[in-house]
Amino acid sequence: MSTAAQSDRTAEGRRLVEDKERKDNWKRWGPYLSDRQWGTVREDYSADGNCWDYFTHDQARSRAYRWGEDGLLGICDRECRLCFSFALWNGKDPILKERLYGLTGSQGNHGEDVKELYYHLDATPTTSYAKALYKYPQAEYPYEQINVENRNRGKDALEFEVEDSGVFDENKYWDVVFEYAKNTSQDILCRLSVHNRGPEPATIHVLPTLWFRNTWIWGCKHEGCTAKPRITLDPGNPLRVKTKHDTLEEFVCEWEALEGADAATQLLFTENETNSKRLYGVENYTPYVKDAFHRFVVGGDKDAVSSKGHGTKVAAHHVLTVPAGQSKVIRVRFHSAAEQPAGGSAFADFDAIFEQRKKEADEFYREVQPSKLDDQRRLIQRQAYAGMLWSKQFYHYIVGDWLLGDPEMPKPPDSRLHGRNNQWGQLYNRDIVSMPDKWEYPWYASWDLAFHMLPLSNVDFEFAKAQLMLFLREWYMHPNGQIPAYEFALGDVNPPVHAWAVIRLFESFAGKDASDEDYRFLESCFHKLIINFTWWVNRKDPEGNNLYSGGFLGLDNIGVFDRSKPLPPGMILEQADGTAWMAFFCATMLHCAINLALKDPVYEDMASKFFEHTVLIIDAINNFGKGQGLWNEEDGFYYDHLRKDGRSCPMKIRSLVGLVPLFSVLVIDDSTLKKLPAFAKRTKWFVQHRKDLIEETSFMAERMGEDANQRSLLCIPSKAKLIRVLEYLFDENEFLSEFGIRSLSKFHEKNPFKININNEELRADYIPGESNSYLFGGNSNWRGPIWFPMNFLLVQSLQRFDYYYGESLKIEVPTRSGNFMRLRDAADELCNRLLKNFLPDSKGFRACHGKDLRLSEKYATDPHFKDLVLFYEFFHGDNGRGCGASHQTGWTGLIINCINILAGTGHLGVFRPGSQ
């Protein structure tokens with residue numbers, strides 16, 4: 001198949017086709033370098049598993065990494081062998097700025113948090129063009145002040161950010177623009193533009209740096225690099241080097257010679273080796289170590305760098321003095337030695353190539369974005385795409401080797417074999433993976449990734465498919481069928497949204513034109529997802545009654561206790577969301593099976609199986625024990641139930657837990673059923689002979705659609721129950737915020753939920769912003785804020801319900817407003833409210849940036865700030881201020897799809913084979 005983005009109508013589209021067909025390796029180089037490698041689980045070899053303390057930011061400049069590399073908005077090849085980035089020094093900082101700084105989980109008053117101002121501005125899927133901005137203070141960076149202020153703040157206070165220190169006041173900062181362009185797939189151009197925004201001349205040191213990841217010291221078998229690589233000075237040019245690596249062809253890198261006082265007279269060489277003397281008091285086996293450039297530039301230690309003209313790390317040292325309001329540019333180019341730049345000069349066609357690639361990026365996005373978008377919506381989408389494409393990362397974590405240690409390194413403590421991830425020895429991660437955020441979450445989260453693929457598929461369908469298939473491969477999926485969650489706890493249970501992402505990709509882009517290749521994708525994923533489904537059934541339904549429990553389910557602190565840990569003896573939590581997620585999983589697998597059965601009738605049996613299982617779960621959540629199941633008729637809402645000694649007590653928290661039952665909704669046209677006679681016959685028999693299961697259940701209820709086509713509905717709530725839940729959903733005193741749907745009802749602001757367990761009072765309050773609890777580290781909060789993935793699933797569900805009910809069901813939005821609308825219009829209203837987090841108001845303020853924070857005025861009016869958008873992890877439930885990770889474009893990138901829906905181009909997500 002071919003999407004508009006991947007057709008031959010644009011140069012970038014042609015590059016994507018060439019890469020897919022393996023005619024050229026356009027994706028070999030990209031922004032795959034992590035923003036943070038220190039403080040990660042994979043670099044942790046401690047006895048107690050405290051990764052934050054084991055490998056700190058202060059150690060990062062001096063200590064070689066085992067599993068990856070990081071840098072300041074840098075790039076590398078897809079195996080992270082050869083890396084490139086720029087380092088900076090303002091002449092006042094105590095350290096060279098080689099990587100983004102932030103606080104660890106224990107240092108921040110709301111968990112880990114990056115303390116820098118940077119923005120992803122543009123990117124194409126092949127990184128033929130990419131652009132990012134870093135704002136660097138001209139005053140000394142306030143490392144200690146940030147540490148002290150956050151340490152002294154409690155959970156009820158806001159985080160202390162770098163801008164709160166005043167270092168950006170009076171515009172005394174540098175705008176450092178990072179740009180990358182590709183002439184060919186193996187010819188990469190790097191340009192750094194340094195803008196002095198301050199009122200007077202200032203000096204900055206810039207070190208464009210090329211280095212090899214250290215793969216040679218550990219004695220590991222899987223890297224393929226048995227000899228130490230080398231970067232060697234070209235004797236014919238003092239600013240050009242050549243590289244040598246066992247598994248990478250020779251590359252040439254050249255730095256442009258600057259004129260006058262800014263001229264770089266020589267390259268600096270060192271080794272990417274640990275400075276053991278600084279860290280451990282042990283003599284180094286090489287005099288040239290990883291932190292040499294820091295010592296040379298900041299400390300003035302001329303002996304720190306090698307004079308031999310070779311090493312595994314090299315940089316040109318530029319000292320730029322820039323007048324107020326002006327800028328200077330640094331240019332670097334590296335390419336395969338087999339290719340020669342036009343005319344033999346690395347910089348003759350440099351700027352022309354950049355201009356061409358920027359023009360082609362604009363052409364590409366004109367194909368991708370709806371034509372009717374205004375400038376602001378177009379800008380928001382473009383930066384959201386950029387954030388997602390910049391957040392692709394080389395992720396390396398071979399758990400078996402990590403558990404046992406490396407042959408030439410000290411043996412890890414014995415506690416490791418009984419600690420974190422010890423049951424995941426088969427996991428072999430060595431891929432480019434979509435990250436939620438390359439600083440705060442520089443490791444994948446499997447349910448996040450499923451959401452990432454919807455917006456990413458708009459620009460790179462092949463990458464989206466490959467990512468979803470990757471997590472179902474045998475070297476990712478556990479032999480028992482579980483999909484790995486994230487590196488802190490691979491065995492945690494995330495919501496089962498993988499199948500949903502698979503079918504969304506298949507239907508959104510394939511439709512009636514589905515090719516054999518598209519069906520192979522769906523079929524391959526379906527078979528692996530059956531194994532995953534079986535794991536869920538066997539592990540998460542302890543009583544065998546189709547009420548699911550014992551799961552973390554990604555919602556962190558939404559309940560009153562940690563749902564990933566065992567309850568007190570004799571207690572079972574029957575989860576409304578866990579059970580509804582399983583109904584959703586079942587219905588999605590039915591959706592997949594029907595699509596496959598339309599091509600191959602053998603799948604009709606599988607469709608029947610998932611149909612019947614879906615009905616059993618729906619019946620359990622609504623009618624378990626011939627009672628009300630997890631539905632509370634008095635309140636008109638779904639609740640978790642805590643069961644002990646045969647008695648069941650509803651946990652009356654009005655939260656997203658009780659809204660998840662809305663997600664499982666499938667509409668099937670009669671024209672589809674006619675093409676599946678065996679499946680239709682089985683469902684008809686089931687309706688006639690299992691009436692005990694369908695009483696009061698919205699189950700294959702038939703109605704005539706507006707297009708005169710008979711259709712059937714399979715969902716959890718009956719129409720009456722749906723209306724009652726929607727009254728809560730669209731009540732501004734409950735879930736509906738000006739900026740989306742809250743994760744906890746505002747009702748609990750004055751009526752906190754309380755329960756006494758073993759003489760301990762547990763409570764859940766409405767907390768619209770950052771968490772006031774240390775549950776799950778405290779850096780995320782599901783007790784009131786707005787989260788995009790759940791909002792997007794609600795949008796889809798409203799669209800599907802509308803496809804079935806049409807004009808026959810209208811609701812008040814907001815509740816009690818007297819303004820009745822169809823459910824599809826309610827979905828649009830929700831999309832508009834989500835978009836309001838990012839759109840500037842009449843005075844230029846974007847809600848996501850906060851209206852009363854230090855830089856709010858700059859973001860509204862300053863020409864160097866006002867067009868910058870940050871895509872946060874979640875948003876304040878009352879005012880839309882961004883909270884949590886500030887660059888988690890990941891699932892917040894779903895705003896792209898919301899904008900498409902409002903533009904009339906978003907896929908409805910309803911089951912209509914043969915149509916888009």
# chains A, B, ... in the order shown; residues from 1 in each chain; ligands from 1
$ select_by_dssp --residues "region 690-786 of chain A" --states "strand (DSSP E)" --output "list in words"
Phe699, Met700, Ala701, Glu702, Arg703, Met704, Gln710, Arg711, Ser712, Leu713, Leu714, Cys715, Leu736, Ser737, Gly740, Ile741, Phe753, Lys754, Ile755, Asn756, Ile757, Glu760, Glu761, Leu762, Arg763 and Ala764 of chain A
$ residues_around --residues "Ser780 (chain A)" --least-positions-apart "5" --cutoff "7 Å" --atoms "only C-alpha atoms" --output "list in words"
Glu770, Ser771 and Gly884 of chain A
$ write_last_selection --atoms "N, CA and C atoms" --output "PDB file, in the first residue's frame"
ATOM      1  N   GLU A 770       0.241  18.222  39.515  1.00  0.00           N
ATOM      2  CA  GLU A 770       1.240  17.230  39.908  1.00  0.00           C
ATOM      3  C   GLU A 770       0.778  16.465  41.135  1.00  0.00           C
ATOM      4  N   SER A 771       1.276  15.245  41.276  1.00  0.00           N
ATOM      5  CA  SER A 771       0.866  14.370  42.368  1.00  0.00           C
ATOM      6  C   SER A 771       1.352  14.897  43.717  1.00  0.00           C
ATOM      7  N   GLY A 884       4.299  17.110  34.379  1.00  0.00           N
ATOM      8  CA  GLY A 884       5.083  15.910  34.125  1.00  0.00           C
ATOM      9  C   GLY A 884       6.153  16.158  33.078  1.00  0.00           C
TER      10      GLY A 884
END
$ residues_around --residues "Glu200 (chain A)" --least-positions-apart "2" --cutoff "8 Å" --atoms "only C-alpha atoms" --output "ChimeraX atom specification"
/A:198,202,323-324
$ residues_around --residues "region 328-337 of chain A" --least-positions-apart "5" --cutoff "6 Å" --atoms "only C-alpha atoms" --output "mmCIF file with C-alpha atoms, in the first residue's frame"
data_model
loop_
_atom_site.group_PDB
_atom_site.id
_atom_site.type_symbol
_atom_site.label_atom_id
_atom_site.label_comp_id
_atom_site.auth_asym_id
_atom_site.auth_seq_id
_atom_site.Cartn_x
_atom_site.Cartn_y
_atom_site.Cartn_z
ATOM 1 C CA GLN A 186 25.399 8.330 3.896
ATOM 2 C CA ASP A 187 26.296 12.021 3.536
ATOM 3 C CA ILE A 188 25.147 14.051 6.538
ATOM 4 C CA LEU A 189 25.391 17.809 6.963
ATOM 5 C CA CYS A 190 25.382 19.336 10.448
ATOM 6 C CA ARG A 191 24.807 23.039 11.039
ATOM 7 C CA LEU A 192 24.752 24.960 14.315
ATOM 8 C CA SER A 193 23.489 28.559 14.372
ATOM 9 C CA VAL A 194 24.320 30.458 17.564
ATOM 10 C CA GLU A 250 35.094 4.164 6.613
ATOM 11 C CA PHE A 251 33.629 7.630 7.105
ATOM 12 C CA VAL A 252 35.156 11.052 6.632
ATOM 13 C CA CYS A 253 34.266 14.003 8.859
ATOM 14 C CA GLU A 254 35.300 17.574 8.139
ATOM 15 C CA TRP A 255 34.884 20.745 10.202
ATOM 16 C CA GLU A 256 34.736 24.081 8.399
#
$ closest_atom_pairs --of "region 351-407 of chain A" --to "region 835-857 of chain A" --cutoff "8 Å" --atoms "only C-alpha atoms" --output "Markdown table"
| residue | atom | partner | partner_atom | distance |
| --- | --- | --- | --- | --- |
| A:Gln376 | CA | A:Leu839 | CA | 6.9 |
| A:Arg377 | CA | A:Leu839 | CA | 7.5 |
| A:Ile380 | CA | A:Phe838 | CA | 7.3 |
$ residues_around --residues "region 800-816 of chain A" --least-positions-apart "6" --cutoff "6 Å" --atoms "only C-alpha atoms" --output "PDB file with N, CA and C atoms, in the first residue's frame"
ATOM      1  N   GLU A 727     -23.551  11.381  31.267  1.00  0.00           N
ATOM      2  CA  GLU A 727     -23.939  12.536  32.069  1.00  0.00           C
ATOM      3  C   GLU A 727     -22.805  12.952  33.005  1.00  0.00           C
ATOM      4  N   PHE A 730     -19.659  14.424  30.727  1.00  0.00           N
ATOM      5  CA  PHE A 730     -19.776  15.784  30.186  1.00  0.00           C
ATOM      6  C   PHE A 730     -20.267  16.791  31.219  1.00  0.00           C
ATOM      7  N   ASP A 731     -20.158  16.431  32.482  1.00  0.00           N
ATOM      8  CA  ASP A 731     -20.516  17.351  33.564  1.00  0.00           C
ATOM      9  C   ASP A 731     -19.262  18.125  33.976  1.00  0.00           C
ATOM     10  N   ARG A 822     -25.421  15.207  18.872  1.00  0.00           N
ATOM     11  CA  ARG A 822     -25.079  13.823  18.563  1.00  0.00           C
ATOM     12  C   ARG A 822     -23.718  13.474  19.159  1.00  0.00           C
ATOM     13  N   LEU A 823     -23.461  12.171  19.287  1.00  0.00           N
ATOM     14  CA  LEU A 823     -22.220  11.739  19.907  1.00  0.00           C
ATOM     15  C   LEU A 823     -21.005  12.080  19.047  1.00  0.00           C
ATOM     16  N   ARG A 824     -21.147  12.101  17.729  1.00  0.00           N
ATOM     17  CA  ARG A 824     -20.007  12.481  16.894  1.00  0.00           C
ATOM     18  C   ARG A 824     -19.648  13.944  17.121  1.00  0.00           C
ATOM     19  N   VAL A 910     -14.459   3.017  13.055  1.00  0.00           N
ATOM     20  CA  VAL A 910     -15.629   2.139  13.081  1.00  0.00           C
ATOM     21  C   VAL A 910     -15.389   0.996  12.119  1.00  0.00           C
TER      22      VAL A 910
END
$ select_by_dssp --residues "region 693-823 of chain A" --states "alpha helix (DSSP H)" --output "number ranges by chain"
A: 693-694, 719-729, 788-805, 823
$ atom_distance --atom1 "CA of Thr203 (chain A)" --atom2 "CA of Val177 (chain A)"
16.3 Å
$ closest_residue --among "A:Glu734, A:Asp8, A:Glu163, A:Asp707" --to "Lys115 (chain A)" --atoms "only C-alpha atoms"
A:Glu163
